Amino acid sequence: QLQASGGGLVQAGGSLRLSCTASGRTFRLYEMGWFRQAPGKERRFVAAVTWSTGSTAYADSVKGRFTISRDNAKNTGYLQMNSLKSDDTAVYYCVSRMAPTQDFGSWGQGTLVTVSS
């Protein structure tokens, strides 16, 4: 199971850090990621981190502004979001998968990020 937190209201240009804590069989975790869904839009990939190596991947829209990381000891992943824009307003979902061939799953309730202009 994944529990996301850290969303809130921030002004454009500001920063927020989202957290995602994993429980259960975390030793089998291959990758943790973030998706987001803006009002009236489809859910889209944001970033992902490979749990064992720390390798990262980002959507083009957030490259250079967002940083994904993980703390294996705490079973927690983070999404540091800087230089936020109004387009970043969305519900952010933490997800995971146990193998690179699997789709991301374990969708939780998400955490709302609102960027005011």
# chains A, B, ... in the order shown; residues from 1 in each chain; ligands from 1

call {"tool": "select_by_dssp", "arguments": {"residues": "segment 16-97 of chain A", "states": "helix (DSSP H, G or I)", "output": "PyMOL selection string"}}
result
chain A and resi 26-28+72-74+86-88

call {"tool": "residues_around", "arguments": {"residues": "Gly13 of chain A", "least_positions_apart": "6", "cutoff": "8 Å", "atoms": "only C-alpha atoms", "output": "list in words"}}
result
Asn82, Ser83, Leu84 and Lys85 of chain A

call {"tool": "residues_around", "arguments": {"residues": "segment 3-10 of chain A", "least_positions_apart": "3", "cutoff": "9 Å", "atoms": "only C-alpha atoms", "output": "PDB file with N, CA and C atoms, in the first residue's frame"}}
result
ATOM      1  N   GLY A  13       5.622  29.725  -8.937  1.00  0.00           N
ATOM      2  CA  GLY A  13       7.028  29.961  -8.638  1.00  0.00           C
ATOM      3  C   GLY A  13       7.482  29.327  -7.339  1.00  0.00           C
ATOM      4  N   GLY A  14       6.543  28.862  -6.556  1.00  0.00           N
ATOM      5  CA  GLY A  14       6.856  28.260  -5.269  1.00  0.00           C
ATOM      6  C   GLY A  14       7.215  26.790  -5.375  1.00  0.00           C
ATOM      7  N   SER A  15       7.368  26.169  -4.199  1.00  0.00           N
ATOM      8  CA  SER A  15       7.800  24.775  -4.130  1.00  0.00           C
ATOM      9  C   SER A  15       6.921  23.985  -3.169  1.00  0.00           C
ATOM     10  N   LEU A  16       6.861  22.693  -3.437  1.00  0.00           N
ATOM     11  CA  LEU A  16       6.201  21.743  -2.540  1.00  0.00           C
ATOM     12  C   LEU A  16       6.971  20.435  -2.613  1.00  0.00           C
ATOM     13  N   ARG A  17       6.901  19.657  -1.541  1.00  0.00           N
ATOM     14  CA  ARG A  17       7.480  18.320  -1.580  1.00  0.00           C
ATOM     15  C   ARG A  17       6.403  17.305  -1.209  1.00  0.00           C
ATOM     16  N   LEU A  18       6.184  16.374  -2.115  1.00  0.00           N
ATOM     17  CA  LEU A  18       5.255  15.282  -1.862  1.00  0.00           C
ATOM     18  C   LEU A  18       6.012  14.081  -1.330  1.00  0.00           C
ATOM     19  N   SER A  19       5.335  13.345  -0.468  1.00  0.00           N
ATOM     20  CA  SER A  19       5.922  12.120   0.084  1.00  0.00           C
ATOM     21  C   SER A  19       5.009  10.944  -0.218  1.00  0.00           C
ATOM     22  N   CYS A  20       5.614   9.775  -0.329  1.00  0.00           N
ATOM     23  CA  CYS A  20       4.856   8.549  -0.567  1.00  0.00           C
ATOM     24  C   CYS A  20       5.493   7.445   0.257  1.00  0.00           C
ATOM     25  N   THR A  21       4.761   6.952   1.217  1.00  0.00           N
ATOM     26  CA  THR A  21       5.277   5.905   2.097  1.00  0.00           C
ATOM     27  C   THR A  21       4.662   4.575   1.711  1.00  0.00           C
ATOM     28  N   ALA A  22       5.520   3.604   1.541  1.00  0.00           N
ATOM     29  CA  ALA A  22       5.085   2.264   1.159  1.00  0.00           C
ATOM     30  C   ALA A  22       5.061   1.352   2.375  1.00  0.00           C
ATOM     31  N   SER A  23       4.073   0.496   2.416  1.00  0.00           N
ATOM     32  CA  SER A  23       3.992  -0.497   3.478  1.00  0.00           C
ATOM     33  C   SER A  23       3.740  -1.868   2.850  1.00  0.00           C
ATOM     34  N   LEU A  84       6.885  25.984  -9.521  1.00  0.00           N
ATOM     35  CA  LEU A  84       5.562  25.489  -9.872  1.00  0.00           C
ATOM     36  C   LEU A  84       4.795  26.480 -10.735  1.00  0.00           C
ATOM     37  N   VAL A  91      -4.382  16.517  -9.076  1.00  0.00           N
ATOM     38  CA  VAL A  91      -4.265  15.519  -8.018  1.00  0.00           C
ATOM     39  C   VAL A  91      -3.086  14.627  -8.375  1.00  0.00           C
ATOM     40  N   TYR A  92      -2.168  14.482  -7.464  1.00  0.00           N
ATOM     41  CA  TYR A  92      -0.963  13.691  -7.684  1.00  0.00           C
ATOM     42  C   TYR A  92      -1.116  12.334  -7.002  1.00  0.00           C
ATOM     43  N   TYR A  93      -0.834  11.289  -7.775  1.00  0.00           N
ATOM     44  CA  TYR A  93      -0.979   9.925  -7.285  1.00  0.00           C
ATOM     45  C   TYR A  93       0.385   9.258  -7.220  1.00  0.00           C
ATOM     46  N   CYS A  94       0.632   8.637  -6.106  1.00  0.00           N
ATOM     47  CA  CYS A  94       1.830   7.818  -5.956  1.00  0.00           C
ATOM     48  C   CYS A  94       1.499   6.394  -6.394  1.00  0.00           C
ATOM     49  N   GLY A 108      -3.451   5.170  -4.877  1.00  0.00           N
ATOM     50  CA  GLY A 108      -4.078   5.598  -3.634  1.00  0.00           C
ATOM     51  C   GLY A 108      -5.070   6.722  -3.893  1.00  0.00           C
ATOM     52  N   GLN A 109      -5.346   7.473  -2.847  1.00  0.00           N
ATOM     53  CA  GLN A 109      -6.363   8.531  -2.962  1.00  0.00           C
ATOM     54  C   GLN A 109      -5.811   9.793  -3.590  1.00  0.00           C
ATOM     55  N   GLY A 110      -4.496   9.891  -3.685  1.00  0.00           N
ATOM     56  CA  GLY A 110      -3.882  11.069  -4.268  1.00  0.00           C
ATOM     57  C   GLY A 110      -3.819  12.236  -3.299  1.00  0.00           C
ATOM     58  N   THR A 111      -3.041  13.214  -3.701  1.00  0.00           N
ATOM     59  CA  THR A 111      -2.922  14.435  -2.905  1.00  0.00           C
ATOM     60  C   THR A 111      -3.030  15.633  -3.843  1.00  0.00           C
ATOM     61  N   LEU A 112      -3.832  16.605  -3.465  1.00  0.00           N
ATOM     62  CA  LEU A 112      -4.143  17.730  -4.354  1.00  0.00           C
ATOM     63  C   LEU A 112      -3.080  18.814  -4.248  1.00  0.00           C
ATOM     64  N   VAL A 113      -2.584  19.226  -5.392  1.00  0.00           N
ATOM     65  CA  VAL A 113      -1.663  20.355  -5.493  1.00  0.00           C
ATOM     66  C   VAL A 113      -2.356  21.450  -6.291  1.00  0.00           C
ATOM     67  N   THR A 114      -2.457  22.610  -5.687  1.00  0.00           N
ATOM     68  CA  THR A 114      -3.095  23.749  -6.352  1.00  0.00           C
ATOM     69  C   THR A 114      -2.080  24.883  -6.434  1.00  0.00           C
ATOM     70  N   VAL A 115      -1.810  25.336  -7.650  1.00  0.00           N
ATOM     71  CA  VAL A 115      -0.861  26.419  -7.866  1.00  0.00           C
ATOM     72  C   VAL A 115      -1.645  27.638  -8.321  1.00  0.00           C
ATOM     73  N   SER A 116      -1.574  28.682  -7.527  1.00  0.00           N
ATOM     74  CA  SER A 116      -2.303  29.906  -7.848  1.00  0.00           C
ATOM     75  C   SER A 116      -1.402  30.858  -8.625  1.00  0.00           C
TER      76      SER A 116
END

call {"tool": "closest_atom_pairs", "arguments": {"of": "segment 63-94 of chain A", "to": "segment 38-57 of chain A", "cutoff": "9 Å", "atoms": "only C-alpha atoms", "output": "Markdown table"}}
result
| residue | atom | partner | partner_atom | distance |
| --- | --- | --- | --- | --- |
| A:Lys63 | CA | A:Ala57 | CA | 8.9 |
| A:Phe66 | CA | A:Ala47 | CA | 8.3 |
| A:Thr67 | CA | A:Ala47 | CA | 8.1 |
| A:Ile68 | CA | A:Val49 | CA | 6.5 |
| A:Ser69 | CA | A:Val49 | CA | 6.5 |
| A:Arg70 | CA | A:Trp51 | CA | 7.1 |
| A:Asp71 | CA | A:Trp51 | CA | 8.8 |
| A:Asn72 | CA | A:Trp51 | CA | 7.4 |
| A:Gly77 | CA | A:Val49 | CA | 8.3 |
| A:Leu79 | CA | A:Ala47 | CA | 8.2 |
| A:Asp87 | CA | A:Ala38 | CA | 8.2 |
| A:Asp88 | CA | A:Ala38 | CA | 7.8 |
| A:Thr89 | CA | A:Ala38 | CA | 6.2 |
| A:Ala90 | CA | A:Ala38 | CA | 4.1 |
| A:Val91 | CA | A:Ala38 | CA | 6.4 |
| A:Tyr92 | CA | A:Ala38 | CA | 8.8 |

call {"tool": "atom_distance", "arguments": {"atom1": "atom CA of Ala59 of chain A", "atom2": "atom CA of Gly24 of chain A"}}
result
28.1 Å

call {"tool": "residues_around", "arguments": {"residues": "Ala99 of chain A", "least_positions_apart": "5", "cutoff": "12 Å", "atoms": "only C-alpha atoms", "output": "list in words"}}
result
Phe27, Arg28, Leu29, Tyr30, Glu31, Met32, Thr50, Trp51, Ser52, Phe104 and Gly105 of chain A

call {"tool": "select_by_dssp", "arguments": {"residues": "segment 38-112 of chain A", "states": "strand (DSSP E or B)", "output": "PyMOL selection string"}}
result
chain A and resi 43-50+56-58+66-71+76-81+90-97+105+111-112

call {"tool": "write_last_selection", "arguments": {"atoms": "N, CA, C and O atoms", "output": "tab-separated table (two decimals), in the first residue's frame"}}
result
chain	number	residue	atom	x	y	z
A	43	ARG	N	-5.11	11.21	-16.80
A	43	ARG	CA	-4.01	11.00	-15.87
A	43	ARG	C	-2.71	10.85	-16.67
A	43	ARG	O	-2.66	10.13	-17.66
A	44	ARG	N	-1.67	11.53	-16.20
A	44	ARG	CA	-0.41	11.53	-16.95
A	44	ARG	C	0.77	11.20	-16.04
A	44	ARG	O	0.79	11.56	-14.86
A	45	PHE	N	1.75	10.56	-16.63
A	45	PHE	CA	2.99	10.24	-15.93
A	45	PHE	C	3.76	11.51	-15.60
A	45	PHE	O	3.83	12.45	-16.42
A	46	VAL	N	4.35	11.54	-14.40
A	46	VAL	CA	5.16	12.68	-13.98
A	46	VAL	C	6.63	12.28	-13.82
A	46	VAL	O	7.52	12.87	-14.42
A	47	ALA	N	6.87	11.28	-12.98
A	47	ALA	CA	8.25	10.87	-12.71
A	47	ALA	C	8.26	9.49	-12.08
A	47	ALA	O	7.23	9.04	-11.54
A	48	ALA	N	9.42	8.84	-12.12
A	48	ALA	CA	9.57	7.53	-11.50
A	48	ALA	C	11.02	7.33	-11.07
A	48	ALA	O	11.93	7.92	-11.66
A	49	VAL	N	11.19	6.52	-10.03
A	49	VAL	CA	12.52	6.20	-9.53
A	49	VAL	C	12.61	4.69	-9.31
A	49	VAL	O	11.70	4.08	-8.74
A	50	THR	N	13.71	4.12	-9.79
A	50	THR	CA	13.95	2.70	-9.57
A	50	THR	C	14.43	2.52	-8.14
A	50	THR	O	15.39	3.17	-7.71
A	56	THR	N	16.23	7.58	-12.41
A	56	THR	CA	15.02	8.38	-12.49
A	56	THR	C	14.57	8.61	-13.93
A	56	THR	O	15.37	8.51	-14.86
A	57	ALA	N	13.30	8.91	-14.06
A	57	ALA	CA	12.71	9.27	-15.35
A	57	ALA	C	11.67	10.36	-15.11
A	57	ALA	O	11.01	10.35	-14.06
A	58	TYR	N	11.56	11.27	-16.07
A	58	TYR	CA	10.66	12.42	-15.92
A	58	TYR	C	9.88	12.67	-17.20
A	58	TYR	O	10.39	12.46	-18.30
A	66	PHE	N	11.21	19.37	-11.30
A	66	PHE	CA	10.84	18.36	-10.31
A	66	PHE	C	12.00	17.39	-10.12
A	66	PHE	O	12.73	17.08	-11.07
A	67	THR	N	12.13	16.89	-8.90
A	67	THR	CA	13.14	15.88	-8.60
A	67	THR	C	12.50	14.76	-7.79
A	67	THR	O	11.90	15.03	-6.74
A	68	ILE	N	12.63	13.54	-8.27
A	68	ILE	CA	12.12	12.39	-7.55
A	68	ILE	C	13.28	11.69	-6.86
A	68	ILE	O	14.39	11.61	-7.40
A	69	SER	N	13.02	11.21	-5.66
A	69	SER	CA	14.06	10.51	-4.91
A	69	SER	C	13.40	9.49	-3.99
A	69	SER	O	12.17	9.42	-3.91
A	70	ARG	N	14.24	8.68	-3.34
A	70	ARG	CA	13.68	7.70	-2.40
A	70	ARG	C	14.64	7.50	-1.24
A	70	ARG	O	15.85	7.67	-1.36
A	71	ASP	N	14.04	7.12	-0.11
A	71	ASP	CA	14.80	6.77	1.08
A	71	ASP	C	14.43	5.33	1.41
A	71	ASP	O	13.37	5.06	1.96
A	76	THR	N	10.13	5.31	1.74
A	76	THR	CA	9.45	6.52	1.34
A	76	THR	C	10.08	7.12	0.09
A	76	THR	O	11.31	7.18	-0.01
A	77	GLY	N	9.22	7.55	-0.81
A	77	GLY	CA	9.66	8.27	-1.99
A	77	GLY	C	9.22	9.72	-1.89
A	77	GLY	O	8.28	10.05	-1.16
A	78	TYR	N	9.93	10.59	-2.61
A	78	TYR	CA	9.65	12.02	-2.53
A	78	TYR	C	9.57	12.61	-3.94
A	78	TYR	O	10.26	12.13	-4.85
A	79	LEU	N	8.78	13.64	-4.06
A	79	LEU	CA	8.75	14.41	-5.31
A	79	LEU	C	8.90	15.88	-4.91
A	79	LEU	O	7.97	16.48	-4.38
A	80	GLN	N	10.08	16.40	-5.14
A	80	GLN	CA	10.34	17.81	-4.87
A	80	GLN	C	9.94	18.60	-6.10
A	80	GLN	O	10.46	18.37	-7.20
A	81	MET	N	9.03	19.53	-5.92
A	81	MET	CA	8.50	20.30	-7.04
A	81	MET	C	8.87	21.76	-6.85
A	81	MET	O	8.44	22.39	-5.87
A	90	ALA	N	-3.12	19.78	-10.00
A	90	ALA	CA	-3.65	18.45	-10.28
A	90	ALA	C	-3.71	17.65	-8.99
A	90	ALA	O	-3.14	18.06	-7.97
A	91	VAL	N	-4.38	16.52	-9.08
A	91	VAL	CA	-4.26	15.52	-8.02
A	91	VAL	C	-3.09	14.63	-8.37
A	91	VAL	O	-3.02	14.09	-9.49
A	92	TYR	N	-2.17	14.48	-7.46
A	92	TYR	CA	-0.96	13.69	-7.68
A	92	TYR	C	-1.12	12.33	-7.00
A	92	TYR	O	-1.47	12.26	-5.81
A	93	TYR	N	-0.83	11.29	-7.78
A	93	TYR	CA	-0.98	9.92	-7.28
A	93	TYR	C	0.38	9.26	-7.22
A	93	TYR	O	1.16	9.30	-8.19
A	94	CYS	N	0.63	8.64	-6.11
A	94	CYS	CA	1.83	7.82	-5.96
A	94	CYS	C	1.50	6.39	-6.39
A	94	CYS	O	0.43	5.87	-6.04
A	95	VAL	N	2.40	5.79	-7.17
A	95	VAL	CA	2.15	4.46	-7.69
A	95	VAL	C	3.44	3.64	-7.59
A	95	VAL	O	4.52	4.19	-7.36
A	96	SER	N	3.29	2.36	-7.82
A	96	SER	CA	4.47	1.50	-7.79
A	96	SER	C	4.26	0.29	-8.70
A	96	SER	O	3.14	0.04	-9.16
A	97	ARG	N	5.36	-0.39	-8.97
A	97	ARG	CA	5.27	-1.66	-9.67
A	97	ARG	C	6.41	-2.56	-9.21
A	97	ARG	O	7.46	-2.07	-8.76
A	105	GLY	N	0.71	0.33	-10.42
A	105	GLY	CA	-0.52	0.04	-9.70
A	105	GLY	C	-0.47	0.63	-8.31
A	105	GLY	O	0.34	1.51	-8.02
A	111	THR	N	-3.04	13.21	-3.70
A	111	THR	CA	-2.92	14.44	-2.91
A	111	THR	C	-3.03	15.63	-3.84
A	111	THR	O	-2.42	15.65	-4.91
A	112	LEU	N	-3.83	16.61	-3.47
A	112	LEU	CA	-4.14	17.73	-4.35
A	112	LEU	C	-3.08	18.81	-4.25
A	112	LEU	O	-2.74	19.26	-3.14
